[in-house]
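Asker: Provided below: input-v9.csv, containing CSV, C-alpha atoms.
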```csv
chain,number,residue,atom,x,y,z
A,18,MET,CA,0.0,0.0,0.0
A,19,SER,CA,1.5,3.2,-1.1
A,20,VAL,CA,1.6,6.2,1.2
A,21,PRO,CA,0.4,9.5,-0.5
A,22,PHE,CA,2.9,12.4,-0.7
A,23,VAL,CA,1.8,15.4,1.4
A,24,ARG,CA,3.6,18.8,0.7
A,25,SER,CA,4.7,20.7,3.7
A,26,SER,CA,3.2,24.1,4.2
A,27,SER,CA,6.1,25.5,6.2
A,28,SER,CA,8.0,26.8,3.1
A,29,ASP,CA,4.8,28.5,1.8
A,30,ASN,CA,4.2,30.2,5.0
A,31,SER,CA,7.8,31.5,5.1
A,32,SER,CA,7.5,32.8,1.6
A,33,ASN,CA,4.3,34.5,2.3
A,34,LYS,CA,5.8,36.3,5.2
A,35,ILE,CA,8.9,37.4,3.3
A,36,LYS,CA,7.1,39.0,0.3
A,37,PRO,CA,5.4,41.8,2.2
A,38,ILE,CA,8.7,42.7,3.9
A,39,ILE,CA,10.4,42.9,0.5
A,40,TYR,CA,7.6,45.1,-0.9
A,41,LEU,CA,7.8,47.3,2.2
A,42,ILE,CA,11.5,47.8,1.8
A,43,LEU,CA,11.2,48.6,-1.9
A,44,HIS,CA,8.4,51.1,-1.3
A,45,PHE,CA,10.5,52.7,1.6
A,46,ASN,CA,13.5,53.1,-0.8
A,47,ILE,CA,11.3,54.7,-3.4
A,48,CYS,CA,9.8,57.1,-0.9
A,49,LEU,CA,13.3,58.0,0.3
A,50,HIS,CA,14.4,58.7,-3.3
A,51,HIS,CA,11.4,61.0,-3.8
A,52,ILE,CA,12.0,62.8,-0.6
A,53,SER,CA,15.7,63.3,-1.4
A,54,ALA,CA,14.9,64.5,-4.9
A,55,SER,CA,12.2,66.8,-3.6
A,56,SER,CA,14.4,68.3,-0.9
A,57,PHE,CA,17.2,68.9,-3.5
A,58,LEU,CA,14.9,70.8,-5.8
A,59,ASN,CA,13.5,72.8,-2.9
A,60,VAL,CA,17.0,73.9,-1.8
A,61,ASN,CA,17.9,74.9,-5.4
A,62,ASP,CA,14.6,76.8,-5.7
A,63,LEU,CA,15.3,78.7,-2.5
A,64,THR,CA,18.8,79.5,-3.6
A,65,THR,CA,17.5,80.9,-6.9
A,66,ILE,CA,14.9,82.9,-5.1
A,67,ASP,CA,17.4,84.4,-2.7
A,68,ARG,CA,19.9,85.4,-5.5
A,69,PRO,CA,19.8,89.1,-6.6
A,70,TYR,CA,18.4,89.7,-10.1
A,71,PHE,CA,17.6,92.7,-12.3
A,72,ASP,CA,14.1,93.8,-12.7
A,73,ASP,CA,14.7,94.5,-16.4
A,74,ILE,CA,11.9,97.0,-17.2
A,75,SER,CA,14.0,100.0,-18.0
A,76,PRO,CA,15.3,100.9,-21.5
A,77,ARG,CA,18.7,99.6,-22.5
A,78,ASN,CA,19.3,102.6,-24.8
A,79,VAL,CA,19.2,106.1,-23.3
A,80,SER,CA,19.5,109.4,-25.1
A,81,ALA,CA,20.4,112.7,-23.5
A,82,VAL,CA,20.9,116.3,-24.5
A,83,VAL,CA,24.2,118.1,-24.1
A,84,ASP,CA,24.4,120.0,-20.8
A,85,GLU,CA,21.3,118.3,-19.4
A,86,ALA,CA,21.1,115.4,-16.9
A,87,ALA,CA,21.3,111.8,-18.1
A,88,ILE,CA,19.8,109.0,-16.0
A,89,LEU,CA,20.6,105.4,-16.5
A,90,ARG,CA,18.2,103.1,-14.6
A,91,CYS,CA,19.0,99.9,-12.7
A,92,ARG,CA,16.6,98.0,-10.5
A,93,VAL,CA,18.0,95.2,-8.4
A,94,LYS,CA,15.7,92.7,-6.6
A,95,ASN,CA,16.8,90.7,-3.6
A,96,LYS,CA,20.0,92.7,-3.2
A,97,GLY,CA,20.5,91.6,0.4
A,98,ASN,CA,24.1,92.5,1.5
A,99,ARG,CA,25.4,92.5,-2.1
A,100,THR,CA,27.1,95.6,-3.7
A,101,VAL,CA,25.7,97.4,-6.7
A,102,SER,CA,28.3,99.2,-8.8
A,103,TRP,CA,28.3,101.2,-12.0
A,104,MET,CA,31.2,100.8,-14.4
A,105,ARG,CA,32.1,102.7,-17.6
A,106,LYS,CA,32.8,100.1,-20.2
A,107,ARG,CA,35.3,102.0,-22.4
A,108,ASP,CA,38.0,102.3,-19.7
A,109,LEU,CA,36.6,99.8,-17.1
A,110,HIS,CA,36.4,102.7,-14.6
A,111,ILE,CA,34.3,102.0,-11.5
A,112,LEU,CA,32.1,105.1,-11.1
A,113,THR,CA,30.0,104.3,-8.1
A,114,THR,CA,29.6,101.5,-5.5
A,115,ASN,CA,26.3,101.5,-3.7
A,116,ILE,CA,25.7,105.2,-2.9
A,117,TYR,CA,29.4,106.2,-3.0
A,118,THR,CA,31.1,107.8,-5.9
A,119,TYR,CA,34.6,106.7,-6.9
A,120,THR,CA,35.5,109.3,-9.5
A,121,GLY,CA,36.7,112.9,-9.2
A,122,ASP,CA,34.1,114.0,-11.7
A,123,GLN,CA,31.3,115.3,-9.5
A,124,ARG,CA,28.8,115.1,-12.3
A,125,PHE,CA,28.3,111.4,-11.5
A,126,SER,CA,26.1,110.3,-8.6
A,127,VAL,CA,23.6,107.5,-7.6
A,128,ILE,CA,19.9,108.0,-7.1
A,129,HIS,CA,18.8,105.5,-4.5
A,130,PRO,CA,15.6,106.4,-2.6
A,131,PRO,CA,15.7,104.7,0.9
A,132,SER,CA,14.3,101.2,1.0
A,133,SER,CA,14.0,101.1,-2.8
A,134,ASP,CA,15.4,98.6,-5.3
A,135,ASP,CA,16.5,101.5,-7.6
A,136,TRP,CA,20.3,102.2,-8.1
A,137,ASP,CA,20.1,104.8,-11.0
A,138,LEU,CA,23.3,106.5,-12.3
A,139,LYS,CA,22.9,110.2,-12.8
A,140,ILE,CA,25.2,112.3,-15.0
A,141,ASP,CA,24.8,116.0,-14.7
A,142,TYR,CA,25.7,118.3,-17.6
A,143,ALA,CA,26.0,115.4,-20.0
A,144,GLN,CA,28.8,115.8,-22.6
A,145,PRO,CA,29.4,114.1,-26.0
A,146,ARG,CA,32.4,112.2,-24.4
A,147,ASP,CA,29.9,110.6,-22.0
A,148,SER,CA,28.4,108.5,-24.8
A,149,GLY,CA,29.1,104.8,-24.5
A,150,ILE,CA,28.2,101.7,-22.6
A,151,TYR,CA,27.7,101.6,-18.9
A,152,GLU,CA,27.2,98.5,-16.8
A,153,CYS,CA,25.2,98.1,-13.6
A,154,GLN,CA,26.9,95.2,-11.7
A,155,VAL,CA,26.1,93.1,-8.6
A,156,ASN,CA,28.9,91.2,-6.9
A,157,THR,CA,27.3,87.8,-6.9
A,158,GLU,CA,29.2,84.6,-7.8
A,159,PRO,CA,29.3,84.6,-10.7
A,160,LYS,CA,28.9,88.4,-11.1
A,161,ILE,CA,25.7,89.7,-12.9
A,162,ASN,CA,25.6,92.9,-15.0
A,163,LEU,CA,23.1,95.0,-16.9
A,164,ALA,CA,24.5,97.0,-19.9
A,165,VAL,CA,23.0,100.4,-20.7
A,166,THR,CA,24.0,102.4,-23.8
A,167,LEU,CA,24.1,106.2,-23.5
A,168,GLU,CA,24.0,108.4,-26.6
A,169,ILE,CA,24.2,112.2,-26.6
A,170,THR,CA,21.9,113.0,-29.5
A,171,ALA,CA,21.7,116.8,-29.6
A,172,GLU,CA,24.5,119.3,-30.1
A,173,SER,CA,24.2,122.6,-28.3
A,174,ASP,CA,26.5,125.6,-28.4
A,175,ILE,CA,28.2,126.3,-25.1
A,176,ARG,CA,27.4,129.9,-24.4
A,177,ASP,CA,30.0,132.4,-23.4
A,178,ARG,CA,29.5,132.5,-19.7
A,179,ASN,CA,30.5,136.2,-19.5
A,180,SER,CA,28.6,137.3,-22.6
A,181,GLU,CA,26.9,140.7,-22.2
A,182,ARG,CA,23.9,139.3,-24.1
A,183,LEU,CA,22.9,137.4,-21.0
A,184,TYR,CA,20.9,139.5,-18.6
A,185,TYR,CA,21.4,138.9,-14.9
A,186,ASP,CA,19.8,140.7,-12.0
A,187,SER,CA,22.5,142.6,-10.0
A,188,LYS,CA,21.3,140.8,-6.8
A,189,ALA,CA,21.4,137.3,-8.4
A,190,ALA,CA,23.6,134.5,-7.1
A,191,ARG,CA,27.1,134.8,-8.6
A,192,ALA,CA,30.5,133.3,-8.5
A,193,LYS,CA,33.7,135.3,-7.7
A,194,ILE,CA,37.3,134.3,-8.4
A,195,LEU,CA,39.4,134.3,-5.3
A,196,GLY,CA,42.6,136.2,-6.0
A,197,SER,CA,43.7,137.6,-9.3
A,198,THR,CA,41.8,137.0,-12.5
A,199,GLU,CA,45.1,136.9,-14.4
A,200,ILE,CA,47.7,134.5,-13.0
A,201,HIS,CA,51.1,133.2,-14.2
A,202,VAL,CA,52.5,129.9,-13.1
A,203,LYS,CA,55.7,128.0,-14.0
A,204,ARG,CA,55.6,124.9,-16.1
A,205,ASP,CA,55.5,121.6,-14.0
A,206,SER,CA,54.2,123.5,-11.0
A,207,THR,CA,50.6,123.3,-9.6
A,208,ILE,CA,47.7,125.5,-10.9
A,209,ALA,CA,45.4,126.3,-8.0
A,210,LEU,CA,42.1,128.1,-8.8
A,211,ALA,CA,39.3,129.0,-6.4
A,212,CYS,CA,36.0,130.7,-6.6
A,213,SER,CA,33.3,131.5,-4.1
A,214,VAL,CA,29.5,131.6,-4.6
A,215,ASN,CA,27.2,133.7,-2.5
A,216,VAL,CA,24.6,130.9,-2.3
A,217,HIS,CA,24.7,127.2,-1.6
A,218,ALA,CA,25.1,125.8,-5.1
A,219,SER,CA,24.1,122.2,-5.6
A,220,SER,CA,27.1,121.7,-7.9
A,221,VAL,CA,30.0,123.7,-9.3
A,222,LEU,CA,31.7,122.9,-12.7
A,223,TRP,CA,34.9,124.2,-14.2
A,224,TYR,CA,35.4,124.8,-17.9
A,225,HIS,CA,38.7,125.2,-19.7
A,226,GLY,CA,37.9,127.3,-22.7
A,227,SER,CA,34.6,125.8,-24.1
A,228,SER,CA,35.3,122.2,-22.7
A,229,ILE,CA,34.3,121.0,-19.2
A,230,VAL,CA,37.4,119.9,-17.1
A,231,ASP,CA,37.6,116.2,-17.5
A,232,PHE,CA,38.8,114.6,-14.2
A,233,ASP,CA,39.1,111.1,-15.9
A,234,SER,CA,41.3,112.3,-18.8
A,235,LEU,CA,44.7,110.8,-19.6
A,236,ARG,CA,46.3,114.0,-18.3
A,237,GLY,CA,45.6,113.1,-14.7
A,238,GLY,CA,46.5,115.2,-11.7
A,239,ILE,CA,43.2,117.0,-11.6
A,240,SER,CA,41.2,117.4,-8.3
A,241,LEU,CA,38.2,119.4,-7.2
A,242,GLU,CA,37.1,120.3,-3.7
A,243,THR,CA,33.7,121.9,-3.0
A,244,GLU,CA,33.0,123.2,0.5
A,245,LYS,CA,29.7,124.5,1.8
A,246,THR,CA,30.2,127.5,4.1
A,247,ASP,CA,27.8,129.6,6.2
A,248,VAL,CA,27.5,132.2,3.4
A,249,GLY,CA,27.7,130.1,0.3
A,250,THR,CA,29.9,127.6,-1.5
A,251,THR,CA,33.7,127.6,-2.3
A,252,SER,CA,35.1,125.5,-5.1
A,253,ARG,CA,38.9,124.8,-5.5
A,254,LEU,CA,40.4,123.3,-8.7
A,255,MET,CA,43.9,122.0,-8.7
A,256,LEU,CA,46.0,120.8,-11.7
A,257,THR,CA,49.4,119.4,-11.0
A,258,ARG,CA,52.4,119.3,-13.4
A,259,ALA,CA,51.2,122.3,-15.4
A,260,SER,CA,52.1,122.3,-19.1
A,261,LEU,CA,51.7,124.9,-21.9
A,262,ARG,CA,48.4,123.3,-23.0
A,263,ASP,CA,46.9,124.1,-19.6
A,264,SER,CA,47.1,127.8,-20.4
A,265,GLY,CA,43.9,129.6,-21.2
A,266,ASN,CA,40.6,130.7,-19.8
A,267,TYR,CA,39.1,128.8,-16.8
A,268,THR,CA,35.4,129.4,-15.9
A,269,CYS,CA,33.8,128.5,-12.6
A,270,VAL,CA,30.1,127.6,-13.3
A,271,PRO,CA,27.9,127.1,-10.3
A,272,ASN,CA,24.5,125.7,-10.8
A,273,GLY,CA,22.0,128.5,-10.8
A,274,ALA,CA,24.5,131.3,-10.4
A,275,ILE,CA,26.5,133.7,-12.6
A,276,PRO,CA,29.9,132.2,-13.6
A,277,ALA,CA,33.3,133.8,-13.2
A,278,SER,CA,36.5,133.4,-15.2
A,279,VAL,CA,40.3,133.5,-14.6
A,280,ARG,CA,43.1,133.6,-17.2
A,281,VAL,CA,46.0,131.2,-16.7
A,282,HIS,CA,49.4,131.7,-18.3
A,283,VAL,CA,51.9,128.8,-18.0
A,284,LEU,CA,55.4,130.1,-18.3
A,285,THR,CA,58.4,128.3,-19.8
A,286,GLY,CA,60.8,130.2,-17.4
A,287,GLU,CA,60.7,132.8,-14.7
A,288,GLN,CA,58.9,135.4,-16.8
A,289,PRO,CA,56.2,135.3,-19.5
A,290,ALA,CA,57.5,134.7,-23.0
A,291,ALA,CA,56.8,138.3,-24.1
A,292,MET,CA,58.7,139.6,-21.1
A,293,GLN,CA,61.6,137.2,-21.9
A,294,THR,CA,61.7,138.5,-25.4
A,295,SER,CA,61.8,142.1,-24.3
A,296,VAL,CA,64.5,141.4,-21.7
A,297,ALA,CA,66.5,139.5,-24.3
A,298,ASN,CA,66.2,142.4,-26.8
A,299,GLY,CA,67.2,144.8,-24.0
A,300,ASN,CA,70.2,142.8,-23.1
A,301,SER,CA,71.3,142.7,-26.7
A,302,ALA,CA,70.9,146.4,-27.0
A,303,CYS,CA,72.9,147.0,-23.8
A,304,SER,CA,75.7,144.7,-25.0
A,305,ALA,CA,75.9,146.5,-28.3
A,306,ILE,CA,76.1,149.9,-26.5
A,307,ILE,CA,78.8,148.7,-24.2
A,308,PHE,CA,80.7,147.2,-27.2
A,309,MET,CA,80.5,150.6,-29.0
A,310,CYS,CA,81.6,152.4,-25.9
A,311,LEU,CA,84.7,150.1,-25.7
A,312,ILE,CA,85.5,150.8,-29.4
A,313,ILE,CA,85.1,154.5,-29.0
A,314,SER,CA,87.2,154.5,-25.9
A,315,GLU,CA,90.0,152.6,-27.7
A,316,GLU,CA,90.0,155.0,-30.6
A,317,THR,CA,90.0,158.0,-28.3
A,318,LEU,CA,92.9,156.6,-26.3
A,319,LEU,CA,94.8,155.9,-29.5
A,320,ARG,CA,94.3,159.5,-30.7
A,321,ILE,CA,95.4,160.8,-27.3
A,322,SER,CA,98.5,158.7,-27.5
A,323,ASN,CA,99.4,159.9,-31.0
A,324,LEU,CA,98.8,163.5,-30.0
A,325,ALA,CA,101.1,163.1,-27.0
A,326,GLN,CA,103.9,161.6,-29.2
A,327,TYR,CA,103.5,164.5,-31.7
A,328,ILE,CA,103.8,167.1,-28.9
A,329,HIS,CA,106.9,165.4,-27.5
A,330,ARG,CA,108.6,165.4,-30.9
A,331,SER,CA,107.8,169.0,-31.5
A,332,GLN,CA,109.4,170.1,-28.2
A,333,ARG,CA,112.6,168.3,-29.2
```
Once you've parsed the file, please lay out its structure as structure tokens.
Answerer:
Amino acid sequence: MSVPFVRSSSSDNSSNKIKPIIYLILHFNICLHHISASSFLNVNDLTTIDRPYFDDISPRNVSAVVDEAAILRCRVKNKGNRTVSWMRKRDLHILTTNIYTYTGDQRFSVIHPPSSDDWDLKIDYAQPRDSGIYECQVNTEPKINLAVTLEITAESDIRDRNSERLYYDSKAARAKILGSTEIHVKRDSTIALACSVNVHASSVLWYHGSSIVDFDSLRGGISLETEKTDVGTTSRLMLTRASLRDSGNYTCVPNGAIPASVRVHVLTGEQPAAMQTSVANGNSACSAIIFMCLIISEETLLRISNLAQYIHRSQR
């Protein structure tokens, strides 16, 4: 009699117990993967949100008229503790950093209303040489920048600041040159000019001839100090290492006041060239007279000697 084979249920029970555990582990790993990926994306999103960026709603091309103010706009969102700077592209010169100006040209300034996102560059009395590309920069890593192109489109004649055609009230605000209005300086010395204004002028510019004094020119050695006093404003212009091309008319032009001028002569020696010519001619004339006197004296002495010899022979 054969004994029927009966399969044991122990292995089936073990298998049934292991399968749910495997499924649970697999689902747990998948969940961990999704959580990690989600966390990674959230961190990146937060980093992106916290980074500064430009609210690029302002024009990238700006036109201005000569001798009027030009404003280049830059709006920075999420600035945080970052620094906003303006740079002139043609010479890579940093003009401003936050609200501070880093150029001797006082026409440049930053317009930043408190608690605002605006960091606008203002150029007073815009000149043709101011045309070009300017960059608003934020010192992130990597650095971000916004380029703005400035073009001076209209040409205007620079009026003679002392022209009699301009009418001014005798009681109007006016500038006055401190010291002589005709000065002479030696070459390679320092030209120091000063003018006072009888009001608190918002700005004071200096012109050399018909061109505004360029503090960022290749010449270098130019500085301007403007001081507010109890009675008005004092402006001092200094140019080191004077050369012959620095000669000419300098005009102090306060904002909203009558300008004043001073004439500068840069000398090649101790005296002006005209005086040197006169002295040289005088010295030549004196030398000629002395030489003639010497010749005349020699001839006179010779005649006296001959006469004395004649008298001596006659007496013998």
Asker: Check the smallest atom-to-atom distance from each of A:Tyr151, A:Tyr117, A:Tyr142, A:Tyr70 to A:Val230 using all atoms listed in the file, then report the winner.
Answerer: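 So, comparing all the options, the nearest one is A:Tyr142.
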Asker: Pick out the closest residue to A:Leu138 from this set: A:Arg99, A:Ile161, A:Arg92, A:Glu168. Count only C-alpha atoms.
Answerer: A:Arg92
Asker: Measuring between all atoms listed in the file, which one of A:Thr120, A:Ser132, A:Asn98, A:Thr198 shows the shortest distance to A:Ala277?
Answerer: A:Thr198
Asker: Which residue is closest to A:Val82? Choose from A:Ile128, A:Leu109, A:Val101, A:Ile169 and count all atoms listed in the file.
Answerer: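 Answer, going by the shortest atom-to-atom distance: A:Ile169.
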Asker: In Å, how far is it from atom CA of A:Thr207 to atom CA of A:Met255?
Answerer: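 These atoms are spaced 6.9 Å apart.
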Asker: Identify, on the basis of only C-alpha atoms, every residue whose closest approach to stretch 231-245 of chain A does not exceed 6 Å; exclude the query and any residue fewer than 6 positions from it along the same chain; express the result as a PyMOL selection string.
Answerer: chain A and resi 121-122+251-257
Asker: Name the closest residue to A:Asp135 among the candidates A:Phe71, A:Thr113, A:Val83, A:Thr170; distances are taken between atoms, counting only C-alpha atoms.
Answerer: A:Phe71
Asker: To one decimal in Å, tell me the separation between atom CA of A:Ala192 and atom CA of A:Val248.
Answerer: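 Atom CA of A:Val248 lies at a distance of 12.3 Å from atom CA of A:Ala192.
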